[in-house]
$ cat protein10.pdb   # PDB, C-alpha atoms
ATOM      1  CA  MET Y   1     162.335 119.359 191.924
ATOM      2  CA  SER Y   2     164.125 122.314 193.520
ATOM      3  CA  LYS Y   3     163.808 125.659 191.822
ATOM      4  CA  PRO Y   4     166.804 127.153 190.000
ATOM      5  CA  SER Y   5     168.563 129.945 191.843
ATOM      6  CA  LEU Y   6     168.325 133.475 190.452
ATOM      7  CA  LEU Y   7     170.194 136.655 191.326
ATOM      8  CA  VAL Y   8     168.455 139.961 190.602
ATOM      9  CA  CYS Y   9     171.287 142.425 190.870
ATOM     10  CA  ARG Y  10     169.406 145.753 190.882
ATOM     11  CA  ALA Y  11     166.077 146.943 192.253
ATOM     12  CA  ILE Y  12     163.118 146.207 189.956
ATOM     13  CA  ALA Y  13     159.336 146.399 190.294
ATOM     14  CA  PRO Y  14     158.106 144.291 193.254
ATOM     15  CA  GLU Y  15     155.440 142.618 191.115
ATOM     16  CA  VAL Y  16     158.152 141.259 188.821
ATOM     17  CA  ILE Y  17     160.047 139.890 191.837
ATOM     18  CA  ALA Y  18     156.830 138.189 193.004
ATOM     19  CA  ARG Y  19     156.399 136.646 189.564
ATOM     20  CA  LEU Y  20     159.977 135.382 189.484
ATOM     21  CA  GLU Y  21     159.609 133.856 192.937
ATOM     22  CA  GLN Y  22     157.018 131.476 191.526
ATOM     23  CA  HIS Y  23     159.748 129.869 189.415
ATOM     24  CA  PHE Y  24     163.075 130.599 191.148
ATOM     25  CA  GLU Y  25     164.799 130.811 194.468
ATOM     26  CA  VAL Y  26     165.407 134.537 194.272
ATOM     27  CA  ARG Y  27     167.999 136.757 195.859
ATOM     28  CA  ALA Y  28     166.991 140.296 194.965
ATOM     29  CA  ASN Y  29     169.027 143.431 195.553
ATOM     30  CA  GLN Y  30     165.938 145.571 196.201
ATOM     31  CA  ALA Y  31     168.030 147.926 198.345
ATOM     32  CA  ASP Y  32     169.840 148.714 195.067
ATOM     33  CA  VAL Y  33     173.237 148.645 196.772
ATOM     34  CA  PRO Y  34     175.961 148.982 194.100
ATOM     35  CA  TRP Y  35     178.121 145.862 193.806
ATOM     36  CA  SER Y  36     181.706 145.696 192.645
ATOM     37  CA  GLN Y  37     182.618 143.031 190.105
ATOM     38  CA  ALA Y  38     184.084 140.927 192.933
ATOM     39  CA  GLN Y  39     180.857 141.243 194.941
ATOM     40  CA  LEU Y  40     178.791 140.299 191.910
ATOM     41  CA  ILE Y  41     180.923 137.183 191.407
ATOM     42  CA  GLU Y  42     180.513 136.285 195.060
ATOM     43  CA  ALA Y  43     176.747 136.775 194.937
ATOM     44  CA  LEU Y  44     176.507 134.532 191.852
ATOM     45  CA  GLN Y  45     178.158 131.520 193.465
ATOM     46  CA  GLY Y  46     175.941 128.470 193.079
ATOM     47  CA  ARG Y  47     173.345 130.367 191.056
ATOM     48  CA  GLN Y  48     172.116 129.352 187.632
ATOM     49  CA  ALA Y  49     170.523 132.599 186.468
ATOM     50  CA  LEU Y  50     171.155 136.342 186.516
ATOM     51  CA  PHE Y  51     168.669 139.165 185.984
ATOM     52  CA  ALA Y  52     170.809 142.102 184.783
ATOM     53  CA  THR Y  53     169.970 145.710 184.019
ATOM     54  CA  GLY Y  54     172.640 146.378 181.397
ATOM     55  CA  SER Y  55     175.259 147.847 183.717
ATOM     56  CA  GLU Y  56     176.690 144.579 185.062
ATOM     57  CA  ARG Y  57     179.765 143.318 183.228
ATOM     58  CA  ILE Y  58     179.495 139.681 182.187
ATOM     59  CA  ASP Y  59     182.991 138.792 181.054
ATOM     60  CA  ALA Y  60     185.356 135.830 180.892
ATOM     61  CA  GLU Y  61     186.601 136.389 184.446
ATOM     62  CA  LEU Y  62     183.086 136.273 185.889
ATOM     63  CA  LEU Y  63     182.067 133.292 183.780
ATOM     64  CA  GLN Y  64     185.160 131.358 184.810
ATOM     65  CA  ALA Y  65     184.405 132.067 188.477
ATOM     66  CA  CYS Y  66     180.690 131.171 188.214
ATOM     67  CA  PRO Y  67     180.529 127.718 186.609
ATOM     68  CA  ASP Y  68     176.862 127.129 187.563
ATOM     69  CA  LEU Y  69     175.625 130.134 185.603
ATOM     70  CA  ARG Y  70     173.473 129.190 182.616
ATOM     71  CA  ILE Y  71     171.649 132.361 181.561
ATOM     72  CA  CYS Y  72     172.004 136.130 181.898
ATOM     73  CA  ALA Y  73     168.910 138.161 181.047
ATOM     74  CA  ASN Y  74     169.295 141.899 180.393
ATOM     75  CA  MET Y  75     166.269 144.097 180.966
ATOM     76  CA  SER Y  76     167.628 146.453 178.294
ATOM     77  CA  VAL Y  77     167.718 146.213 174.526
ATOM     78  CA  GLY Y  78     171.463 146.902 174.551
ATOM     79  CA  PHE Y  79     173.857 144.178 175.621
ATOM     80  CA  ASN Y  80     177.308 145.718 175.332
ATOM     81  CA  ASN Y  81     177.789 144.673 178.976
ATOM     82  CA  PHE Y  82     177.898 141.075 177.678
ATOM     83  CA  ASP Y  83     181.080 139.533 176.327
ATOM     84  CA  VAL Y  84     178.990 137.441 173.959
ATOM     85  CA  GLU Y  85     181.980 135.465 172.661
ATOM     86  CA  ALA Y  86     183.010 134.472 176.189
ATOM     87  CA  MET Y  87     179.421 133.625 177.140
ATOM     88  CA  THR Y  88     179.072 131.414 174.091
ATOM     89  CA  ALA Y  89     182.364 129.677 174.876
ATOM     90  CA  HIS Y  90     181.110 128.950 178.411
ATOM     91  CA  GLY Y  91     177.706 127.781 177.193
ATOM     92  CA  VAL Y  92     175.862 130.674 178.884
ATOM     93  CA  VAL Y  93     172.789 132.091 177.158
ATOM     94  CA  GLY Y  94     172.394 135.862 176.966
ATOM     95  CA  THR Y  95     169.085 137.608 176.328
ATOM     96  CA  ASN Y  96     167.967 141.197 175.867
ATOM     97  CA  ALA Y  97     164.627 143.030 175.854
ATOM     98  CA  PRO Y  98     163.923 144.565 172.431
ATOM     99  CA  GLY Y  99     160.651 145.876 171.070
ATOM    100  CA  VAL Y 100     158.883 146.922 174.255
ATOM    101  CA  LEU Y 101     160.792 150.209 174.539
ATOM    102  CA  THR Y 102     160.761 151.239 170.873
ATOM    103  CA  GLU Y 103     157.990 153.815 170.863
ATOM    104  CA  THR Y 104     158.844 155.291 174.270
ATOM    105  CA  THR Y 105     162.493 155.741 173.325
ATOM    106  CA  ALA Y 106     161.536 157.259 169.987
ATOM    107  CA  ASP Y 107     159.266 159.698 171.835
ATOM    108  CA  PHE Y 108     162.158 160.705 174.041
ATOM    109  CA  GLY Y 109     164.568 160.966 171.132
ATOM    110  CA  PHE Y 110     162.245 163.394 169.441
ATOM    111  CA  ALA Y 111     161.775 165.340 172.662
ATOM    112  CA  LEU Y 112     165.550 165.638 172.963
ATOM    113  CA  LEU Y 113     165.813 166.710 169.311
ATOM    114  CA  LEU Y 114     163.208 169.446 169.852
ATOM    115  CA  ALA Y 115     164.814 170.633 173.092
ATOM    116  CA  THR Y 116     168.194 170.812 171.379
ATOM    117  CA  ALA Y 117     167.017 172.555 168.227
ATOM    118  CA  ARG Y 118     164.912 175.102 170.113
ATOM    119  CA  ARG Y 119     167.423 175.642 172.953
ATOM    120  CA  VAL Y 120     164.896 174.726 175.647
ATOM    121  CA  THR Y 121     167.312 174.071 178.499
ATOM    122  CA  GLU Y 122     169.395 177.138 177.617
ATOM    123  CA  GLY Y 123     166.202 179.158 177.817
ATOM    124  CA  GLU Y 124     165.262 177.771 181.194
ATOM    125  CA  ARG Y 125     168.707 178.542 182.609
ATOM    126  CA  TYR Y 126     168.490 182.050 181.129
ATOM    127  CA  LEU Y 127     165.101 182.647 182.739
ATOM    128  CA  ARG Y 128     166.007 181.188 186.142
ATOM    129  CA  ALA Y 129     169.141 183.348 186.240
ATOM    130  CA  GLY Y 130     166.993 186.471 185.916
ATOM    131  CA  GLN Y 131     168.472 187.390 182.543
ATOM    132  CA  TRP Y 132     165.114 187.697 180.756
ATOM    133  CA  THR Y 133     164.325 191.388 181.114
ATOM    134  CA  ARG Y 134     163.125 192.337 177.633
ATOM    135  CA  TRP Y 135     162.294 190.968 174.196
ATOM    136  CA  GLN Y 136     164.956 190.907 171.500
ATOM    137  CA  TYR Y 137     164.627 189.508 168.006
ATOM    138  CA  ASN Y 138     167.701 187.299 168.358
ATOM    139  CA  THR Y 139     167.295 186.003 171.916
ATOM    140  CA  LEU Y 140     167.934 182.238 172.008
ATOM    141  CA  VAL Y 141     167.187 181.807 168.330
ATOM    142  CA  GLY Y 142     167.228 178.119 167.445
ATOM    143  CA  SER Y 143     166.551 176.102 164.326
ATOM    144  CA  ASP Y 144     163.347 174.780 162.775
ATOM    145  CA  VAL Y 145     162.459 171.128 163.011
ATOM    146  CA  HIS Y 146     159.440 171.071 160.688
ATOM    147  CA  GLY Y 147     160.432 170.791 157.044
ATOM    148  CA  SER Y 148     164.112 170.260 157.842
ATOM    149  CA  THR Y 149     166.259 167.218 157.047
ATOM    150  CA  LEU Y 150     166.362 164.498 159.684
ATOM    151  CA  GLY Y 151     169.369 162.192 159.471
ATOM    152  CA  ILE Y 152     169.264 158.853 161.276
ATOM    153  CA  LEU Y 153     172.358 156.727 161.819
ATOM    154  CA  GLY Y 154     171.135 153.229 162.683
ATOM    155  CA  MET Y 155     167.756 152.280 161.240
ATOM    156  CA  GLY Y 156     166.450 149.524 163.498
ATOM    157  CA  ARG Y 157     163.108 149.615 165.295
ATOM    158  CA  ILE Y 158     163.795 152.892 167.118
ATOM    159  CA  GLY Y 159     165.309 154.571 164.063
ATOM    160  CA  GLN Y 160     162.247 153.655 162.010
ATOM    161  CA  ALA Y 161     159.929 154.980 164.741
ATOM    162  CA  LEU Y 162     161.862 158.261 164.732
ATOM    163  CA  ALA Y 163     161.619 158.443 160.947
ATOM    164  CA  ARG Y 164     157.832 158.058 161.064
ATOM    165  CA  ARG Y 165     157.550 160.838 163.643
ATOM    166  CA  GLY Y 166     159.767 163.142 161.626
ATOM    167  CA  HIS Y 167     158.328 162.503 158.181
ATOM    168  CA  PHE Y 168     154.626 162.176 158.929
ATOM    169  CA  GLY Y 169     154.452 164.375 162.021
ATOM    170  CA  PHE Y 170     156.803 167.232 161.160
ATOM    171  CA  GLY Y 171     157.041 167.051 157.380
ATOM    172  CA  MET Y 172     160.771 166.353 157.575
ATOM    173  CA  LYS Y 173     162.873 164.955 154.776
ATOM    174  CA  VAL Y 174     164.330 161.772 156.261
ATOM    175  CA  ILE Y 175     167.641 160.257 155.228
ATOM    176  CA  TYR Y 176     169.379 157.363 156.910
ATOM    177  CA  HIS Y 177     172.483 155.219 156.907
ATOM    178  CA  ASN Y 178     172.589 151.650 158.147
ATOM    179  CA  ARG Y 179     174.802 148.607 157.811
ATOM    180  CA  SER Y 180     172.392 147.442 155.135
ATOM    181  CA  ARG Y 181     169.657 149.194 153.226
ATOM    182  CA  LEU Y 182     166.082 148.578 154.344
ATOM    183  CA  GLU Y 183     163.522 146.963 152.091
ATOM    184  CA  GLU Y 184     161.725 149.392 149.799
ATOM    185  CA  SER Y 185     158.423 148.778 151.608
ATOM    186  CA  VAL Y 186     159.961 149.857 154.940
ATOM    187  CA  GLU Y 187     161.450 152.967 153.332
ATOM    188  CA  LEU Y 188     157.992 153.887 152.044
ATOM    189  CA  GLU Y 189     156.411 153.243 155.446
ATOM    190  CA  THR Y 190     158.930 155.520 157.169
ATOM    191  CA  GLY Y 191     159.405 158.129 154.434
ATOM    192  CA  ALA Y 192     163.157 157.505 154.580
ATOM    193  CA  ARG Y 193     165.851 157.463 151.903
ATOM    194  CA  TYR Y 194     169.137 155.575 152.148
ATOM    195  CA  VAL Y 195     172.384 157.556 151.729
ATOM    196  CA  SER Y 196     176.065 157.034 152.437
ATOM    197  CA  LYS Y 197     177.377 157.927 155.873
ATOM    198  CA  ASP Y 198     179.268 160.958 154.543
ATOM    199  CA  GLU Y 199     176.183 162.258 152.743
ATOM    200  CA  LEU Y 200     174.144 161.744 155.905
ATOM    201  CA  LEU Y 201     176.608 163.839 157.921
ATOM    202  CA  CYS Y 202     176.822 166.578 155.303
ATOM    203  CA  ARG Y 203     173.111 166.951 154.630
ATOM    204  CA  ALA Y 204     171.364 166.399 157.991
ATOM    205  CA  ASP Y 205     169.997 169.424 159.806
ATOM    206  CA  HIS Y 206     169.334 167.181 162.801
ATOM    207  CA  LEU Y 207     171.325 163.964 163.182
ATOM    208  CA  VAL Y 208     170.076 161.284 165.577
ATOM    209  CA  LEU Y 209     172.218 158.297 166.562
ATOM    210  CA  VAL Y 210     170.364 155.035 167.183
ATOM    211  CA  LEU Y 211     172.945 152.386 166.300
ATOM    212  CA  PRO Y 212     174.009 149.599 168.699
ATOM    213  CA  TYR Y 213     177.392 149.837 170.371
ATOM    214  CA  SER Y 214     180.128 147.466 169.222
ATOM    215  CA  LYS Y 215     183.839 147.538 168.529
ATOM    216  CA  THR Y 216     183.094 148.710 165.005
ATOM    217  CA  SER Y 217     180.747 151.511 166.106
ATOM    218  CA  HIS Y 218     183.100 152.829 168.810
ATOM    219  CA  HIS Y 219     183.644 156.532 168.093
ATOM    220  CA  ALA Y 220     181.573 156.276 164.918
ATOM    221  CA  ILE Y 221     181.179 160.012 165.420
ATOM    222  CA  GLY Y 222     184.544 161.649 166.067
ATOM    223  CA  ALA Y 223     186.347 164.810 165.028
ATOM    224  CA  ALA Y 224     186.422 163.886 161.338
ATOM    225  CA  GLU Y 225     182.701 163.115 161.242
ATOM    226  CA  LEU Y 226     181.751 166.248 163.196
ATOM    227  CA  ALA Y 227     183.776 168.312 160.736
ATOM    228  CA  LEU Y 228     181.511 167.116 157.920
ATOM    229  CA  MET Y 229     178.356 168.392 159.627
ATOM    230  CA  LYS Y 230     176.764 171.761 158.978
ATOM    231  CA  PRO Y 231     177.616 174.501 161.485
ATOM    232  CA  THR Y 232     173.843 174.891 161.950
ATOM    233  CA  ALA Y 233     173.269 171.172 162.594
ATOM    234  CA  THR Y 234     172.356 169.439 165.831
ATOM    235  CA  LEU Y 235     173.449 166.012 167.037
ATOM    236  CA  VAL Y 236     171.329 163.789 169.306
ATOM    237  CA  ASN Y 237     172.635 160.554 170.855
ATOM    238  CA  ILE Y 238     170.083 158.156 172.357
ATOM    239  CA  ALA Y 239     172.074 155.047 171.423
ATOM    240  CA  ARG Y 240     175.021 154.208 173.664
ATOM    241  CA  GLY Y 241     177.995 156.015 175.136
ATOM    242  CA  GLY Y 242     181.184 155.394 173.203
ATOM    243  CA  ILE Y 243     179.525 155.802 169.811
ATOM    244  CA  VAL Y 244     180.441 159.486 170.080
ATOM    245  CA  ASP Y 245     183.936 160.662 170.961
ATOM    246  CA  ASP Y 246     182.759 162.951 173.767
ATOM    247  CA  ALA Y 247     186.040 164.884 173.875
ATOM    248  CA  ALA Y 248     185.784 165.648 170.157
ATOM    249  CA  LEU Y 249     182.149 166.647 170.617
ATOM    250  CA  VAL Y 250     183.022 169.080 173.410
ATOM    251  CA  GLN Y 251     185.570 170.725 171.132
ATOM    252  CA  ALA Y 252     183.093 170.915 168.253
ATOM    253  CA  LEU Y 253     180.504 172.538 170.530
ATOM    254  CA  ARG Y 254     183.053 175.020 171.907
ATOM    255  CA  ASP Y 255     184.195 175.971 168.435
ATOM    256  CA  ARG Y 256     180.603 176.035 167.108
ATOM    257  CA  HIS Y 257     181.487 173.552 164.386
ATOM    258  CA  ILE Y 258     177.961 172.306 165.073
ATOM    259  CA  ALA Y 259     175.162 174.315 166.652
ATOM    260  CA  ALA Y 260     174.176 172.064 169.540
ATOM    261  CA  ALA Y 261     173.911 168.526 170.877
ATOM    262  CA  GLY Y 262     171.424 166.550 172.927
ATOM    263  CA  LEU Y 263     172.827 163.608 174.873
ATOM    264  CA  ASP Y 264     171.170 160.871 176.908
ATOM    265  CA  VAL Y 265     174.213 158.558 176.952
ATOM    266  CA  TYR Y 266     177.920 159.087 177.626
ATOM    267  CA  GLU Y 267     181.296 157.427 177.575
ATOM    268  CA  GLY Y 268     181.962 155.894 181.001
ATOM    269  CA  GLU Y 269     178.536 156.838 182.349
ATOM    270  CA  PRO Y 270     177.420 157.748 184.962
ATOM    271  CA  MET Y 271     180.628 159.784 184.750
ATOM    272  CA  LEU Y 272     180.769 162.229 181.878
ATOM    273  CA  HIS Y 273     183.332 164.423 180.182
ATOM    274  CA  PRO Y 274     183.636 167.562 182.361
ATOM    275  CA  GLY Y 275     183.647 169.764 179.290
ATOM    276  CA  LEU Y 276     180.014 168.853 178.654
ATOM    277  CA  LEU Y 277     179.112 170.747 181.827
ATOM    278  CA  GLU Y 278     180.954 173.828 180.617
ATOM    279  CA  VAL Y 279     179.456 174.336 177.145
ATOM    280  CA  PRO Y 280     176.018 175.975 177.016
ATOM    281  CA  ASN Y 281     174.860 174.478 173.718
ATOM    282  CA  VAL Y 282     174.170 170.945 174.927
ATOM    283  CA  VAL Y 283     171.109 169.315 176.483
ATOM    284  CA  LEU Y 284     172.063 166.621 179.005
ATOM    285  CA  THR Y 285     169.790 163.892 180.388
ATOM    286  CA  PRO Y 286     170.767 160.896 182.584
ATOM    287  CA  HIS Y 287     170.055 157.904 180.282
ATOM    288  CA  ILE Y 288     166.270 158.084 180.635
ATOM    289  CA  GLY Y 289     165.228 157.247 177.083
ATOM    290  CA  SER Y 290     163.013 154.353 178.184
ATOM    291  CA  ALA Y 291     162.033 155.838 181.536
ATOM    292  CA  THR Y 292     158.277 155.597 181.732
ATOM    293  CA  GLY Y 293     156.494 153.402 184.253
ATOM    294  CA  PRO Y 294     154.733 151.136 181.732
ATOM    295  CA  THR Y 295     157.846 150.700 179.591
ATOM    296  CA  ARG Y 296     160.227 149.901 182.442
ATOM    297  CA  LEU Y 297     157.697 147.343 183.744
ATOM    298  CA  ALA Y 298     157.388 145.811 180.269
ATOM    299  CA  MET Y 299     161.195 145.605 179.994
ATOM    300  CA  ALA Y 300     161.459 143.822 183.360
ATOM    301  CA  ASN Y 301     158.660 141.431 182.460
ATOM    302  CA  LEU Y 302     160.311 140.587 179.133
ATOM    303  CA  ALA Y 303     163.569 139.775 180.950
ATOM    304  CA  ALA Y 304     161.520 137.629 183.340
ATOM    305  CA  ASP Y 305     159.848 135.922 180.351
ATOM    306  CA  ASN Y 306     163.253 135.025 178.962
ATOM    307  CA  LEU Y 307     164.383 133.526 182.262
ATOM    308  CA  ILE Y 308     161.175 131.575 182.823
ATOM    309  CA  ASP Y 309     161.068 130.302 179.237
ATOM    310  CA  PHE Y 310     164.668 129.120 179.465
ATOM    311  CA  PHE Y 311     163.963 126.854 182.428
ATOM    312  CA  CYS Y 312     160.246 126.126 182.015
ATOM    313  CA  GLY Y 313     159.316 126.700 178.371
ATOM    314  CA  ASP Y 314     160.622 126.345 174.849
ATOM    315  CA  GLY Y 315     163.562 128.667 175.407
ATOM    316  CA  PRO Y 316     163.838 132.465 175.350
ATOM    317  CA  THR Y 317     162.839 134.304 172.195
ATOM    318  CA  ASN Y 318     165.389 137.098 172.606
ATOM    319  CA  SER Y 319     168.707 135.277 172.773
ATOM    320  CA  VAL Y 320     171.774 137.209 171.623
ATOM    321  CA  ASN Y 321     173.732 133.961 171.148
ATOM    322  CA  PRO Y 322     171.151 131.431 169.871
ATOM    323  CA  GLU Y 323     173.903 128.990 168.982
ATOM    324  CA  VAL Y 324     174.107 128.098 172.685
ATOM    325  CA  LEU Y 325     170.399 127.245 172.696
ATOM    326  CA  ASN Y 326     170.886 125.153 169.577
ATOM    327  CA  GLU Y 327     173.663 123.195 171.274
ATOM    328  CA  LEU Y 328     171.522 122.654 174.373
ATOM    329  CA  ALA Y 329     168.652 121.406 172.222
ATOM    330  CA  ALA Y 330     170.857 119.044 170.187
TER     331      ALA Y 330
END
$ encode --input "protein10.pdb" --output "structure tokens"
Amino acid sequence: MSKPSLLVCRAIAPEVIARLEQHFEVRANQADVPWSQAQLIEALQGRQALFATGSERIDAELLQACPDLRICANMSVGFNNFDVEAMTAHGVVGTNAPGVLTETTADFGFALLLATARRVTEGERYLRAGQWTRWQYNTLVGSDVHGSTLGILGMGRIGQALARRGHFGFGMKVIYHNRSRLEESVELETGARYVSKDELLCRADHLVLVLPYSKTSHHAIGAAELALMKPTATLVNIARGGIVDDAALVQALRDRHIAAAGLDVYEGEPMLHPGLLEVPNVVLTPHIGSATGPTRLAMANLAADNLIDFFCGDGPTNSVNPEVLNELAA
């Protein structure tokens, strides 16, 4: 039997390409040349599978134009690039890559929290500009992390990993808000206490966003929410762009309604609100929360697992629309 045809639309580790070539006829964009939506549609003609990185838009227009497509595998845990409803209507399976990036992303989230609270990047700019000429008691004074209150909005795997770091590593009081309250055993394991969203915003010294992006979470943090936060509080977003109203955040940082922010994700990235480059009290990183060699390799291999299992095994374990798999199995 001929192998199914697979499009890998961004550069990934060569060893993962070699593994995929054992099961698929592979066209791989290892040159990492950016494709427009029209070019992506053209490249998908006659192909049954797509290896995506999370930045490719899989919508009704693409699905209509690519009738042979059967599965799209994201190498990211997020899948807001998928129109899941349209994929389900076209009988196309979507998969993501959860779990393998939890601890690495939690590490980075805490690094970003620390850098924001202790004004690390402000300090480096200050030093590089030659402004550090003498000691003063109030130079770049930040806020404590140990013993403070950590607020987590979105308490999935990464949120729980952050809670453990904060509570057991830094002696923080951890509060969280989620769509549903966690089981008591998980709260005990993470040292976390459930509160309302408003209480979370009012009480957190350091607020970290780890909720998935959806229509309902769009601008979950806007001007009204920022106004509830302490003027000494920090905000860290390692979730997805669009969860924060970046324009409202810029204004809050300018007006010192909150002390500082640390951002790894942005609305419309890789573009970002120009005001974020003008305010000093923000730490900016280019969506690198999962960016370690072992983790990125594990993410790519999990996406490969999902593709291989769809065609050669019992089906992928990380489907975002399992109803399609159920229909195929019926």
$ resolve_selection --input "protein10.pdb" --expression "the PyMOL selection byres ((chain Y and resi 115) around 12)" --output "PyMOL selection string"
chain Y and resi 108-114+116-124+142-145+206+234-236+260-263+281-285
$ atom_distance --input "protein10.pdb" --atom1 "atom CA of Ser319 of chain Y" --atom2 "atom CA of Val84 of chain Y"
10.6 Å
$ residues_around --input "protein10.pdb" --residues "Val77 of chain Y" --least-positions-apart "6" --cutoff "6 Å" --atoms "only C-alpha atoms" --output "ChimeraX atom specification"
/Y:96-98
$ residues_around --input "protein10.pdb" --residues "Arg193 of chain Y" --least-positions-apart "6" --cutoff "9 Å" --atoms "all atoms listed in the file" --output "count of residues only"
6
$ atom_distance --input "protein10.pdb" --atom1 "atom CA of Ile258 of chain Y" --atom2 "atom CA of Leu140 of chain Y"
15.7 Å
$ resolve_selection --input "protein10.pdb" --expression "the PyMOL selection byres ((chain Y and resi 91) around 9)" --output "PDB file with C-alpha atoms, in the coordinates of the input"
ATOM      1  CA  LEU Y  69     175.625 130.134 185.603  1.00  0.00           C
ATOM      2  CA  ARG Y  70     173.473 129.190 182.616  1.00  0.00           C
ATOM      3  CA  ILE Y  71     171.649 132.361 181.561  1.00  0.00           C
ATOM      4  CA  ALA Y  86     183.010 134.472 176.189  1.00  0.00           C
ATOM      5  CA  MET Y  87     179.421 133.625 177.140  1.00  0.00           C
ATOM      6  CA  THR Y  88     179.072 131.414 174.091  1.00  0.00           C
ATOM      7  CA  ALA Y  89     182.364 129.677 174.876  1.00  0.00           C
ATOM      8  CA  HIS Y  90     181.110 128.950 178.411  1.00  0.00           C
ATOM      9  CA  VAL Y  92     175.862 130.674 178.884  1.00  0.00           C
ATOM     10  CA  VAL Y  93     172.789 132.091 177.158  1.00  0.00           C
ATOM     11  CA  VAL Y 324     174.107 128.098 172.685  1.00  0.00           C
ATOM     12  CA  LEU Y 325     170.399 127.245 172.696  1.00  0.00           C
ATOM     13  CA  GLU Y 327     173.663 123.195 171.274  1.00  0.00           C
ATOM     14  CA  LEU Y 328     171.522 122.654 174.373  1.00  0.00           C
TER      15      LEU Y 328
END
$ residues_near_point --input "protein10.pdb" --point "(158.5, 160.7, 165.8)" --cutoff "10 Å" --atoms "only C-alpha atoms" --output "VMD selection string"
chain Y and resid 103 105 to 111 158 to 170
$ resolve_selection --input "protein10.pdb" --expression "the PyMOL selection byres ((chain Y and resi 241) around 6)" --output "PyMOL selection string"
chain Y and resi 240+242-243+265-267
$ closest_atom_pairs --input "protein10.pdb" --of "segment 46-148 of chain Y" --to "segment 211-223 of chain Y" --cutoff "12 Å" --atoms "only C-alpha atoms" --output "CSV"
residue,atom,partner,partner_atom,distance
Y:Ser76,CA,Y:Pro212,CA,11.9
Y:Val77,CA,Y:Pro212,CA,9.2
Y:Gly78,CA,Y:Pro212,CA,6.9
Y:Phe79,CA,Y:Tyr213,CA,8.5
Y:Asn80,CA,Y:Tyr213,CA,6.4
Y:Asn81,CA,Y:Tyr213,CA,10.0
Y:Phe82,CA,Y:Ser214,CA,10.8
Y:Asp83,CA,Y:Ser214,CA,10.7
Y:Val84,CA,Y:Ser214,CA,11.1
Y:Pro98,CA,Y:Pro212,CA,11.9
$ closest_residue --input "protein10.pdb" --among "Y:Gly46, Y:Gly130, Y:Gly171, Y:Pro280" --to "Gly147 of chain Y" --atoms "all atoms listed in the file"
Y:Gly171
$ atom_distance --input "protein10.pdb" --atom1 "atom CA of Met271 of chain Y" --atom2 "atom CA of Ala52 of chain Y"
20.2 Å
$ residues_around --input "protein10.pdb" --residues "segment 198-200 of chain Y" --least-positions-apart "4" --cutoff "9 Å" --atoms "all atoms listed in the file" --output "list in words"
Gly151, Ile152, Leu153, Ile175, Tyr176, His177, Tyr194, Ala204, Leu207, Glu225, Leu228 and Met229 of chain Y
$ residues_around --input "protein10.pdb" --residues "Ala31 of chain Y" --least-positions-apart "4" --cutoff "10 Å" --atoms "only C-alpha atoms" --output "number ranges by chain"
Y: 9-12
$ axis_aligned_box --input "protein10.pdb" --around "segment 272-281 of chain Y" --padding-each-side "3 Å" --output "lines of an AutoDock Vina configuration file"
center_x = 179.3
center_y = 169.1
center_z = 178.0
size_x = 14.8
size_y = 19.7
size_z = 14.6
$ closest_residue --input "protein10.pdb" --among "Y:Gln22, Y:Thr104, Y:Thr133, Y:Asn138" --to "Thr295 of chain Y" --atoms "only C-alpha atoms"
Y:Thr104
